[in-house]
file input-v3.pdb (PDB, C-alpha atoms, pLDDT in the B column)
MODEL        1
ATOM      1  CA  MET A   1       2.638   8.106   2.720  1.00 51.00           C
ATOM      2  CA  SER A   2       5.312  10.476   3.738  1.00 50.00           C
ATOM      3  CA  GLU A   3       5.960  14.151   3.280  1.00 47.00           C
ATOM      4  CA  THR A   4       8.508  14.628   6.030  1.00 43.00           C
ATOM      5  CA  GLN A   5       9.633  18.158   5.262  1.00 41.00           C
ATOM      6  CA  THR A   6       9.337  20.724   8.034  1.00 40.00           C
ATOM      7  CA  ALA A   7       6.171  22.722   7.487  1.00 40.00           C
ATOM      8  CA  SER A   8       7.426  25.810   9.293  1.00 37.00           C
ATOM      9  CA  VAL A   9      10.202  26.414   6.757  1.00 42.00           C
ATOM     10  CA  GLN A  10       8.401  25.127   3.711  1.00 52.00           C
ATOM     11  CA  ARG A  11       8.375  27.311   0.632  1.00 59.00           C
ATOM     12  CA  THR A  12       6.373  26.461  -2.447  1.00 61.00           C
ATOM     13  CA  VAL A  13       8.520  26.067  -5.553  1.00 65.00           C
ATOM     14  CA  TYR A  14       6.854  25.624  -8.926  1.00 74.00           C
ATOM     15  CA  ALA A  15       7.779  22.353 -10.577  1.00 83.00           C
ATOM     16  CA  PRO A  16       6.004  20.640 -13.461  1.00 89.00           C
ATOM     17  CA  ILE A  17       4.260  17.441 -12.398  1.00 93.00           C
ATOM     18  CA  ARG A  18       3.893  14.767 -15.034  1.00 92.00           C
ATOM     19  CA  SER A  19       2.166  11.414 -15.076  1.00 94.00           C
ATOM     20  CA  LEU A  20       4.493   8.422 -14.961  1.00 96.00           C
ATOM     21  CA  GLY A  21       4.254   5.118 -16.770  1.00 95.00           C
ATOM     22  CA  PRO A  22       6.123   1.801 -17.039  1.00 96.00           C
ATOM     23  CA  GLY A  23       9.071   3.547 -18.688  1.00 94.00           C
ATOM     24  CA  HIS A  24       9.715   5.383 -15.400  1.00 95.00           C
ATOM     25  CA  ARG A  25       9.746   2.260 -13.228  1.00 96.00           C
ATOM     26  CA  GLU A  26      13.526   2.193 -12.857  1.00 95.00           C
ATOM     27  CA  ARG A  27      13.661   5.812 -11.694  1.00 95.00           C
ATOM     28  CA  ILE A  28      10.751   5.221  -9.304  1.00 97.00           C
ATOM     29  CA  ALA A  29      12.655   2.337  -7.718  1.00 97.00           C
ATOM     30  CA  ALA A  30      15.830   4.445  -7.478  1.00 96.00           C
ATOM     31  CA  HIS A  31      13.914   7.268  -5.788  1.00 97.00           C
ATOM     32  CA  LEU A  32      12.317   4.982  -3.206  1.00 97.00           C
ATOM     33  CA  LEU A  33      15.479   2.979  -2.530  1.00 97.00           C
ATOM     34  CA  ALA A  34      17.317   6.235  -1.791  1.00 96.00           C
ATOM     35  CA  LEU A  35      14.906   7.113   1.036  1.00 96.00           C
ATOM     36  CA  GLU A  36      16.313   6.974   4.536  1.00 94.00           C
ATOM     37  CA  PRO A  37      14.962   4.210   6.838  1.00 94.00           C
ATOM     38  CA  ALA A  38      12.801   6.688   8.771  1.00 93.00           C
ATOM     39  CA  ASP A  39      11.274   8.008   5.551  1.00 94.00           C
ATOM     40  CA  ARG A  40      10.608   4.497   4.286  1.00 94.00           C
ATOM     41  CA  TYR A  41       8.828   3.807   7.555  1.00 93.00           C
ATOM     42  CA  LEU A  42       6.601   6.855   7.151  1.00 92.00           C
ATOM     43  CA  ARG A  43       5.922   6.211   3.467  1.00 93.00           C
ATOM     44  CA  PHE A  44       4.995   2.540   3.732  1.00 92.00           C
ATOM     45  CA  GLY A  45       3.926   2.292   7.369  1.00 89.00           C
ATOM     46  CA  TYR A  46       6.619  -0.248   8.173  1.00 90.00           C
ATOM     47  CA  SER A  47      10.400  -0.574   7.892  1.00 91.00           C
ATOM     48  CA  ALA A  48      10.483  -1.502   4.228  1.00 94.00           C
ATOM     49  CA  GLY A  49      13.711  -3.121   3.055  1.00 95.00           C
ATOM     50  CA  ASP A  50      15.216  -2.980  -0.409  1.00 96.00           C
ATOM     51  CA  VAL A  51      13.489  -6.195  -1.456  1.00 97.00           C
ATOM     52  CA  GLN A  52      10.034  -4.923  -0.448  1.00 97.00           C
ATOM     53  CA  ILE A  53      10.589  -1.570  -2.146  1.00 97.00           C
ATOM     54  CA  GLN A  54      11.819  -3.167  -5.355  1.00 96.00           C
ATOM     55  CA  HIS A  55       8.792  -5.476  -5.318  1.00 97.00           C
ATOM     56  CA  TYR A  56       6.508  -2.458  -4.888  1.00 96.00           C
ATOM     57  CA  ALA A  57       8.117  -0.646  -7.831  1.00 96.00           C
ATOM     58  CA  ASP A  58       8.103  -3.754 -10.030  1.00 96.00           C
ATOM     59  CA  HIS A  59       4.401  -4.369  -9.417  1.00 95.00           C
ATOM     60  CA  LEU A  60       2.979  -0.876  -9.825  1.00 96.00           C
ATOM     61  CA  ASN A  61      -0.135  -1.262 -11.955  1.00 95.00           C
ATOM     62  CA  PHE A  62      -0.062   1.693 -14.337  1.00 95.00           C
ATOM     63  CA  ASP A  63      -3.165   0.436 -16.142  1.00 94.00           C
ATOM     64  CA  ARG A  64      -5.249   0.712 -12.979  1.00 92.00           C
ATOM     65  CA  ASP A  65      -3.540   3.360 -10.839  1.00 95.00           C
ATOM     66  CA  ASP A  66      -1.996   6.768 -11.523  1.00 96.00           C
ATOM     67  CA  VAL A  67       1.513   7.822 -10.566  1.00 97.00           C
ATOM     68  CA  PHE A  68       2.848  11.372 -10.705  1.00 97.00           C
ATOM     69  CA  GLY A  69       6.370  12.690 -10.367  1.00 96.00           C
ATOM     70  CA  ILE A  70       8.621  15.732 -10.231  1.00 96.00           C
ATOM     71  CA  TYR A  71      11.983  15.557 -12.002  1.00 93.00           C
ATOM     72  CA  ASN A  72      15.006  17.822 -11.794  1.00 90.00           C
ATOM     73  CA  ARG A  73      17.080  18.825 -14.828  1.00 85.00           C
ATOM     74  CA  ARG A  74      19.225  15.679 -14.485  1.00 85.00           C
ATOM     75  CA  LEU A  75      16.048  13.573 -14.740  1.00 87.00           C
ATOM     76  CA  GLU A  76      16.367  12.495 -11.132  1.00 92.00           C
ATOM     77  CA  LEU A  77      12.953  11.769  -9.647  1.00 96.00           C
ATOM     78  CA  LEU A  78      12.694  14.119  -6.661  1.00 96.00           C
ATOM     79  CA  ALA A  79       9.154  13.314  -5.547  1.00 96.00           C
ATOM     80  CA  MET A  80       6.385  10.940  -6.525  1.00 97.00           C
ATOM     81  CA  ALA A  81       2.781  10.272  -5.635  1.00 97.00           C
ATOM     82  CA  HIS A  82       0.744   7.104  -6.066  1.00 97.00           C
ATOM     83  CA  LEU A  83      -3.014   7.385  -6.551  1.00 96.00           C
ATOM     84  CA  ALA A  84      -4.372   3.881  -6.056  1.00 94.00           C
ATOM     85  CA  TYR A  85      -7.966   3.172  -7.020  1.00 92.00           C
ATOM     86  CA  ALA A  86     -10.149   0.797  -5.035  1.00 82.00           C
ATOM     87  CA  SER A  87     -10.622  -2.568  -6.712  1.00 76.00           C
ATOM     88  CA  SER A  88     -13.880  -3.529  -4.992  1.00 71.00           C
ATOM     89  CA  PRO A  89     -17.145  -2.529  -6.753  1.00 66.00           C
ATOM     90  CA  GLU A  90     -18.626  -0.982  -3.606  1.00 68.00           C
ATOM     91  CA  CYS A  91     -15.693   1.471  -3.424  1.00 70.00           C
ATOM     92  CA  ASP A  92     -15.289   2.197  -7.123  1.00 73.00           C
ATOM     93  CA  SER A  93     -15.398   5.951  -6.487  1.00 87.00           C
ATOM     94  CA  CYS A  94     -12.594   5.885  -3.878  1.00 92.00           C
ATOM     95  CA  ALA A  95      -8.822   6.252  -4.168  1.00 94.00           C
ATOM     96  CA  GLU A  96      -5.856   6.200  -1.792  1.00 95.00           C
ATOM     97  CA  PHE A  97      -3.006   8.722  -1.898  1.00 96.00           C
ATOM     98  CA  GLY A  98       0.638   8.177  -0.978  1.00 95.00           C
ATOM     99  CA  VAL A  99       3.646  10.445  -1.500  1.00 96.00           C
ATOM    100  CA  SER A 100       7.401  10.541  -0.964  1.00 95.00           C
ATOM    101  CA  VAL A 101       9.964  13.323  -1.353  1.00 95.00           C
ATOM    102  CA  SER A 102      13.734  12.932  -1.551  1.00 95.00           C
ATOM    103  CA  GLN A 103      15.528  14.293   1.496  1.00 93.00           C
ATOM    104  CA  HIS A 104      17.509  16.903  -0.443  1.00 93.00           C
ATOM    105  CA  ALA A 105      14.302  18.211  -2.078  1.00 93.00           C
ATOM    106  CA  ARG A 106      12.363  18.884   1.121  1.00 90.00           C
ATOM    107  CA  GLY A 107      11.025  22.299   2.044  1.00 90.00           C
ATOM    108  CA  ARG A 108       9.849  23.196  -1.458  1.00 92.00           C
ATOM    109  CA  GLY A 109       6.205  22.214  -1.111  1.00 93.00           C
ATOM    110  CA  TYR A 110       6.468  19.250  -3.481  1.00 95.00           C
ATOM    111  CA  GLY A 111       4.299  17.036  -1.292  1.00 94.00           C
ATOM    112  CA  LYS A 112       1.542  19.629  -1.242  1.00 94.00           C
ATOM    113  CA  ARG A 113       1.797  20.171  -4.997  1.00 94.00           C
ATOM    114  CA  LEU A 114       1.547  16.452  -5.680  1.00 96.00           C
ATOM    115  CA  PHE A 115      -1.428  16.176  -3.362  1.00 96.00           C
ATOM    116  CA  GLU A 116      -3.231  18.996  -5.181  1.00 95.00           C
ATOM    117  CA  ARG A 117      -2.484  17.403  -8.547  1.00 95.00           C
ATOM    118  CA  ALA A 118      -3.740  14.024  -7.336  1.00 96.00           C
ATOM    119  CA  VAL A 119      -6.929  15.618  -5.984  1.00 96.00           C
ATOM    120  CA  MET A 120      -7.607  17.325  -9.303  1.00 95.00           C
ATOM    121  CA  HIS A 121      -6.956  14.146 -11.277  1.00 95.00           C
ATOM    122  CA  ALA A 122      -9.097  12.051  -8.928  1.00 95.00           C
ATOM    123  CA  ARG A 123     -11.981  14.501  -9.358  1.00 94.00           C
ATOM    124  CA  ASN A 124     -11.670  14.264 -13.111  1.00 94.00           C
ATOM    125  CA  GLN A 125     -11.735  10.459 -12.864  1.00 93.00           C
ATOM    126  CA  GLY A 126     -15.003  10.505 -10.941  1.00 92.00           C
ATOM    127  CA  VAL A 127     -13.531   9.803  -7.509  1.00 93.00           C
ATOM    128  CA  HIS A 128     -15.700  11.075  -4.653  1.00 93.00           C
ATOM    129  CA  MET A 129     -13.539  10.084  -1.678  1.00 94.00           C
ATOM    130  CA  LEU A 130      -9.755  10.378  -1.326  1.00 95.00           C
ATOM    131  CA  PHE A 131      -8.290   8.305   1.472  1.00 94.00           C
ATOM    132  CA  ILE A 132      -4.924   8.669   3.223  1.00 94.00           C
ATOM    133  CA  HIS A 133      -3.597   6.155   5.718  1.00 92.00           C
ATOM    134  CA  ALA A 134      -0.635   7.593   7.610  1.00 92.00           C
ATOM    135  CA  LEU A 135       1.276   7.135  10.804  1.00 92.00           C
ATOM    136  CA  THR A 136       0.152   9.675  13.369  1.00 91.00           C
ATOM    137  CA  GLU A 137       3.723  10.964  13.635  1.00 92.00           C
ATOM    138  CA  ASN A 138       3.641  11.943   9.963  1.00 92.00           C
ATOM    139  CA  THR A 139       2.361  15.395  10.869  1.00 90.00           C
ATOM    140  CA  PRO A 140       3.353  17.184   7.612  1.00 90.00           C
ATOM    141  CA  MET A 141       1.263  14.812   5.481  1.00 92.00           C
ATOM    142  CA  LEU A 142      -1.678  14.987   7.858  1.00 93.00           C
ATOM    143  CA  ALA A 143      -1.411  18.789   7.949  1.00 93.00           C
ATOM    144  CA  ILE A 144      -1.646  18.890   4.147  1.00 94.00           C
ATOM    145  CA  ALA A 145      -4.746  16.700   4.242  1.00 94.00           C
ATOM    146  CA  ALA A 146      -6.358  18.687   7.061  1.00 94.00           C
ATOM    147  CA  HIS A 147      -5.691  21.982   5.281  1.00 94.00           C
ATOM    148  CA  ALA A 148      -7.538  20.596   2.255  1.00 94.00           C
ATOM    149  CA  GLY A 149     -10.565  19.868   4.443  1.00 94.00           C
ATOM    150  CA  ALA A 150     -10.028  16.177   5.150  1.00 95.00           C
ATOM    151  CA  ARG A 151     -11.576  14.538   8.182  1.00 95.00           C
ATOM    152  CA  LEU A 152      -8.907  12.950  10.382  1.00 95.00           C
ATOM    153  CA  GLU A 153      -9.585   9.877  12.506  1.00 95.00           C
ATOM    154  CA  ARG A 154      -6.769   8.945  14.839  1.00 92.00           C
ATOM    155  CA  ASP A 155      -6.349   5.420  16.168  1.00 90.00           C
ATOM    156  CA  GLY A 156      -3.227   5.315  18.295  1.00 88.00           C
ATOM    157  CA  SER A 157      -0.121   5.275  16.129  1.00 90.00           C
ATOM    158  CA  GLU A 158      -2.139   5.479  12.896  1.00 93.00           C
ATOM    159  CA  THR A 159      -4.421   8.131  11.442  1.00 94.00           C
ATOM    160  CA  GLU A 160      -6.834   7.946   8.557  1.00 94.00           C
ATOM    161  CA  ALA A 161      -7.817  11.003   6.547  1.00 95.00           C
ATOM    162  CA  TYR A 162     -10.937  11.202   4.388  1.00 95.00           C
ATOM    163  CA  LEU A 163     -11.393  13.960   1.851  1.00 96.00           C
ATOM    164  CA  HIS A 164     -14.689  14.353  -0.028  1.00 95.00           C
ATOM    165  CA  LEU A 165     -14.060  15.573  -3.563  1.00 95.00           C
ATOM    166  CA  PRO A 166     -16.427  17.765  -5.567  1.00 93.00           C
ATOM    167  CA  PRO A 167     -17.447  16.650  -9.060  1.00 93.00           C
ATOM    168  CA  ALA A 168     -15.226  17.529 -11.984  1.00 92.00           C
ATOM    169  CA  ASN A 169     -15.979  20.688 -13.917  1.00 92.00           C
ATOM    170  CA  PHE A 170     -14.674  22.379 -17.051  1.00 93.00           C
ATOM    171  CA  ASP A 171     -11.984  24.236 -15.115  1.00 91.00           C
ATOM    172  CA  SER A 172     -10.579  21.143 -13.390  1.00 87.00           C
ATOM    173  CA  VAL A 173     -10.451  19.182 -16.658  1.00 90.00           C
ATOM    174  CA  LEU A 174      -8.858  22.011 -18.651  1.00 91.00           C
ATOM    175  CA  THR A 175      -6.358  22.825 -15.898  1.00 88.00           C
ATOM    176  CA  GLU A 176      -5.161  19.241 -15.727  1.00 89.00           C
ATOM    177  CA  LEU A 177      -4.808  19.004 -19.499  1.00 88.00           C
ATOM    178  CA  VAL A 178      -2.693  22.163 -19.587  1.00 87.00           C
ATOM    179  CA  GLU A 179      -0.533  21.135 -16.621  1.00 89.00           C
ATOM    180  CA  GLU A 180       0.136  17.700 -18.093  1.00 86.00           C
ATOM    181  CA  GLN A 181       1.083  19.184 -21.465  1.00 85.00           C
ATOM    182  CA  VAL A 182       3.466  21.653 -19.814  1.00 84.00           C
ATOM    183  CA  ALA A 183       5.038  18.853 -17.759  1.00 77.00           C
ATOM    184  CA  GLN A 184       5.464  16.573 -20.763  1.00 80.00           C
ATOM    185  CA  THR A 185       7.125  19.372 -22.745  1.00 83.00           C
ATOM    186  CA  ASN A 186       9.371  20.239 -19.803  1.00 76.00           C
ATOM    187  CA  TYR A 187      10.440  16.609 -19.481  1.00 72.00           C
ATOM    188  CA  ARG A 188      11.306  16.387 -23.186  1.00 77.00           C
ATOM    189  CA  PHE A 189      13.448  19.520 -22.920  1.00 70.00           C
ATOM    190  CA  LYS A 190      15.270  18.081 -19.908  1.00 74.00           C
ATOM    191  CA  ALA A 191      15.833  14.773 -21.721  1.00 69.00           C
ATOM    192  CA  GLN A 192      17.170  16.568 -24.793  1.00 73.00           C
ATOM    193  CA  ALA A 193      19.449  18.755 -22.664  1.00 67.00           C
ATOM    194  CA  GLN A 194      20.771  15.702 -20.837  1.00 68.00           C
ATOM    195  CA  ALA A 195      21.466  13.931 -24.147  1.00 67.00           C
ATOM    196  CA  PHE A 196      23.265  17.034 -25.455  1.00 57.00           C
ATOM    197  CA  ARG A 197      25.426  17.276 -22.315  1.00 62.00           C
ATOM    198  CA  HIS A 198      26.296  13.608 -22.666  1.00 62.00           C
ATOM    199  CA  MET A 199      27.274  14.116 -26.310  1.00 64.00           C
ATOM    200  CA  LEU A 200      29.510  17.068 -25.398  1.00 64.00           C
ATOM    201  CA  SER A 201      31.132  15.010 -22.648  1.00 64.00           C
ATOM    202  CA  THR A 202      31.775  12.158 -25.077  1.00 68.00           C
ATOM    203  CA  LEU A 203      33.291  14.511 -27.649  1.00 58.00           C
ATOM    204  CA  GLN A 204      35.529  16.033 -24.992  1.00 62.00           C
ATOM    205  CA  ASP A 205      36.717  12.566 -23.954  1.00 58.00           C
ATOM    206  CA  ILE A 206      37.528  11.805 -27.608  1.00 61.00           C
ATOM    207  CA  ARG A 207      39.433  15.080 -27.973  1.00 61.00           C
ATOM    208  CA  ASP A 208      41.374  14.400 -24.784  1.00 56.00           C
ATOM    209  CA  GLY A 209      42.224  10.904 -26.020  1.00 53.00           C
ATOM    210  CA  VAL A 210      43.421  12.178 -29.381  1.00 50.00           C
ATOM    211  CA  ARG A 211      45.458  14.908 -27.712  1.00 59.00           C
ATOM    212  CA  HIS A 212      47.021  12.426 -25.297  1.00 54.00           C
ATOM    213  CA  ALA A 213      47.884  10.006 -28.130  1.00 55.00           C
ATOM    214  CA  ARG A 214      49.437  12.843 -30.149  1.00 59.00           C
ATOM    215  CA  ASP A 215      51.505  13.982 -27.193  1.00 57.00           C
ATOM    216  CA  GLN A 216      52.688  10.421 -26.560  1.00 62.00           C
ATOM    217  CA  SER A 217      53.775   9.995 -30.169  1.00 60.00           C
ATOM    218  CA  SER A 218      55.625  13.296 -30.346  1.00 56.00           C
ATOM    219  CA  PRO A 219      59.493  12.933 -30.341  1.00 56.00           C
TER     220      PRO A 219
ENDMDL
END

call {"tool": "encode", "arguments": {"input": "input-v3.pdb", "output": "structure tokens"}}
result
Amino acid sequence: MSETQTASVQRTVYAPIRSLGPGHRERIAAHLLALEPADRYLRFGYSAGDVQIQHYADHLNFDRDDVFGIYNRRLELLAMAHLAYASSPECDSCAEFGVSVSQHARGRGYGKRLFERAVMHARNQGVHMLFIHALTENTPMLAIAAHAGARLERDGSETEAYLHLPPANFDSVLTELVEEQVAQTNYRFKAQAQAFRHMLSTLQDIRDGVRHARDQSSP
């Protein structure tokens, strides 16, 4: 549950946040596997190896939980958040939040943006309590939670944050619908642009090959 960017130099950059599904599993794994050991430790609470991270990505339950992400124009997943819903009946209105941000994308406020999106979505799903379990040294993530009004309970090297969520209203539902539509459209444009760049690159390779063959055959 890591957002290890430095809060003092953080600047908020707008980036569409879209919901992720099974088709994004490969990019989710690539994003998490690219995290440095220290960031893996903060995100998962232990020194997760490649095998553990791949297992996590392979077993994400998109039917039960919600996953959100921010992509760049090359369709590289820069940041992702996992909103996991409690499976026990007595906690059916609770959810846990976790987030990770690629090292080269820090300082843009992506962790905060993903947290706000997760809070809005959780409200709209009827969640009353958002829970964050983080290492006490993960001060940026805990600062985001505290700023949102969460109650922090520290227990040595670990801290738990509890955020009570207000009920959904017309504004929260409409805002999420609009944001998701914008993000989906943005993703399609990026995918189309990437496909077009790939086509141009392929055509250029063909032209270069034809030109080289012609030059080789010239007397």

call {"tool": "atom_distance", "arguments": {"input": "input-v3.pdb", "atom1": "atom CA of A:Glu96", "atom2": "atom CA of A:Asp58"}}
result
19.0 Å

call {"tool": "resolve_selection", "arguments": {"input": "input-v3.pdb", "expression": "the PyMOL selection byres ((chain A and resi 60) around 10)", "output": "PyMOL selection string"}}
result
chain A and resi 21-22+25+28+55-59+61-67+82+84

call {"tool": "resolve_selection", "arguments": {"input": "input-v3.pdb", "expression": "the PyMOL selection byres ((chain A and resi 122-133) around 8)", "output": "PyMOL selection string"}}
result
chain A and resi 1+92-98+118-121+134-135+158-169+172-173

call {"tool": "atom_distance", "arguments": {"input": "input-v3.pdb", "atom1": "atom CA of A:Arg108", "atom2": "atom CA of A:Ile70"}}
result
11.6 Å

call {"tool": "closest_residue", "arguments": {"input": "input-v3.pdb", "among": "A:Ala30, A:Ser157, A:Ser88, A:Ala183", "to": "A:Gly45", "atoms": "all atoms listed in the file"}}
result
A:Ser157

call {"tool": "resolve_selection", "arguments": {"input": "input-v3.pdb", "expression": "the PyMOL selection byres ((chain A and resi 34) around 12)", "output": "MDAnalysis selection string"}}
result
chainID A and resid 27:33 35:40 48:50 53:54 76:79 100:104

call {"tool": "closest_residue", "arguments": {"input": "input-v3.pdb", "among": "A:Asn138, A:Asn72, A:Gln184, A:Thr175", "to": "A:Val99", "atoms": "only C-alpha atoms"}}
result
A:Asn138

call {"tool": "closest_residue", "arguments": {"input": "input-v3.pdb", "among": "A:Phe170, A:Tyr85, A:Phe68, A:Tyr187", "to": "A:Arg113", "atoms": "only C-alpha atoms"}}
result
A:Phe68

call {"tool": "decode", "arguments": {"input": "input-v3.pdb", "residues": "stretch 118-139 of chain A", "atoms": "N, CA and C atoms", "output": "mmCIF file, in the first residue's frame"}}
result
data_model
loop_
_atom_site.group_PDB
_atom_site.id
_atom_site.type_symbol
_atom_site.label_atom_id
_atom_site.label_comp_id
_atom_site.auth_asym_id
_atom_site.auth_seq_id
_atom_site.Cartn_x
_atom_site.Cartn_y
_atom_site.Cartn_z
ATOM 1 N N ALA A 118 -11.027 5.858 -5.621
ATOM 2 C CA ALA A 118 -11.451 4.665 -4.894
ATOM 3 C C ALA A 118 -12.486 5.008 -3.827
ATOM 4 N N VAL A 119 -12.301 6.139 -3.153
ATOM 5 C CA VAL A 119 -13.263 6.576 -2.137
ATOM 6 C C VAL A 119 -14.623 6.823 -2.782
ATOM 7 N N MET A 120 -14.627 7.519 -3.910
ATOM 8 C CA MET A 120 -15.892 7.811 -4.577
ATOM 9 C C MET A 120 -16.580 6.517 -5.024
ATOM 10 N N HIS A 121 -15.805 5.603 -5.601
ATOM 11 C CA HIS A 121 -16.392 4.353 -6.068
ATOM 12 C C HIS A 121 -16.917 3.525 -4.894
ATOM 13 N N ALA A 122 -16.140 3.481 -3.814
ATOM 14 C CA ALA A 122 -16.572 2.717 -2.636
ATOM 15 C C ALA A 122 -17.890 3.264 -2.088
ATOM 16 N N ARG A 123 -17.996 4.584 -2.021
ATOM 17 C CA ARG A 123 -19.260 5.202 -1.583
ATOM 18 C C ARG A 123 -20.414 4.727 -2.450
ATOM 19 N N ASN A 124 -20.190 4.764 -3.754
ATOM 20 C CA ASN A 124 -21.257 4.409 -4.684
ATOM 21 C C ASN A 124 -21.610 2.924 -4.631
ATOM 22 N N GLN A 125 -20.693 2.117 -4.072
ATOM 23 C CA GLN A 125 -20.957 0.687 -3.911
ATOM 24 C C GLN A 125 -21.540 0.355 -2.540
ATOM 25 N N GLY A 126 -21.811 1.379 -1.745
ATOM 26 C CA GLY A 126 -22.407 1.154 -0.438
ATOM 27 C C GLY A 126 -21.423 0.852 0.670
ATOM 28 N N VAL A 127 -20.149 1.112 0.438
ATOM 29 C CA VAL A 127 -19.131 0.895 1.470
ATOM 30 C C VAL A 127 -19.193 2.032 2.493
ATOM 31 N N HIS A 128 -19.156 1.666 3.766
ATOM 32 C CA HIS A 128 -19.208 2.662 4.839
ATOM 33 C C HIS A 128 -17.847 2.886 5.494
ATOM 34 N N MET A 129 -16.943 1.910 5.361
ATOM 35 C CA MET A 129 -15.643 2.021 6.014
ATOM 36 C C MET A 129 -14.545 1.599 5.047
ATOM 37 N N LEU A 130 -13.596 2.509 4.793
ATOM 38 C CA LEU A 130 -12.431 2.197 3.968
ATOM 39 C C LEU A 130 -11.249 1.996 4.902
ATOM 40 N N PHE A 131 -10.546 0.909 4.684
ATOM 41 C CA PHE A 131 -9.469 0.491 5.577
ATOM 42 C C PHE A 131 -8.147 0.482 4.821
ATOM 43 N N ILE A 132 -7.099 0.982 5.451
ATOM 44 C CA ILE A 132 -5.753 0.959 4.871
ATOM 45 C C ILE A 132 -4.798 0.395 5.908
ATOM 46 N N HIS A 133 -4.089 -0.649 5.521
ATOM 47 C CA HIS A 133 -3.060 -1.221 6.388
ATOM 48 C C HIS A 133 -1.716 -0.885 5.761
ATOM 49 N N ALA A 134 -0.901 -0.116 6.455
ATOM 50 C CA ALA A 134 0.363 0.346 5.884
ATOM 51 C C ALA A 134 1.471 0.269 6.916
ATOM 52 N N LEU A 135 2.688 0.157 6.425
ATOM 53 C CA LEU A 135 3.832 0.275 7.306
ATOM 54 C C LEU A 135 3.922 1.706 7.797
ATOM 55 N N THR A 136 4.296 1.874 9.050
ATOM 56 C CA THR A 136 4.345 3.207 9.637
ATOM 57 C C THR A 136 5.299 4.126 8.877
ATOM 58 N N GLU A 137 6.323 3.549 8.262
ATOM 59 C CA GLU A 137 7.281 4.364 7.510
ATOM 60 C C GLU A 137 6.729 4.869 6.191
ATOM 61 N N ASN A 138 5.570 4.361 5.794
ATOM 62 C CA ASN A 138 4.954 4.802 4.538
ATOM 63 C C ASN A 138 4.177 6.097 4.790
ATOM 64 N N THR A 139 4.913 7.133 5.124
ATOM 65 C CA THR A 139 4.295 8.401 5.530
ATOM 66 C C THR A 139 3.470 9.074 4.428
#
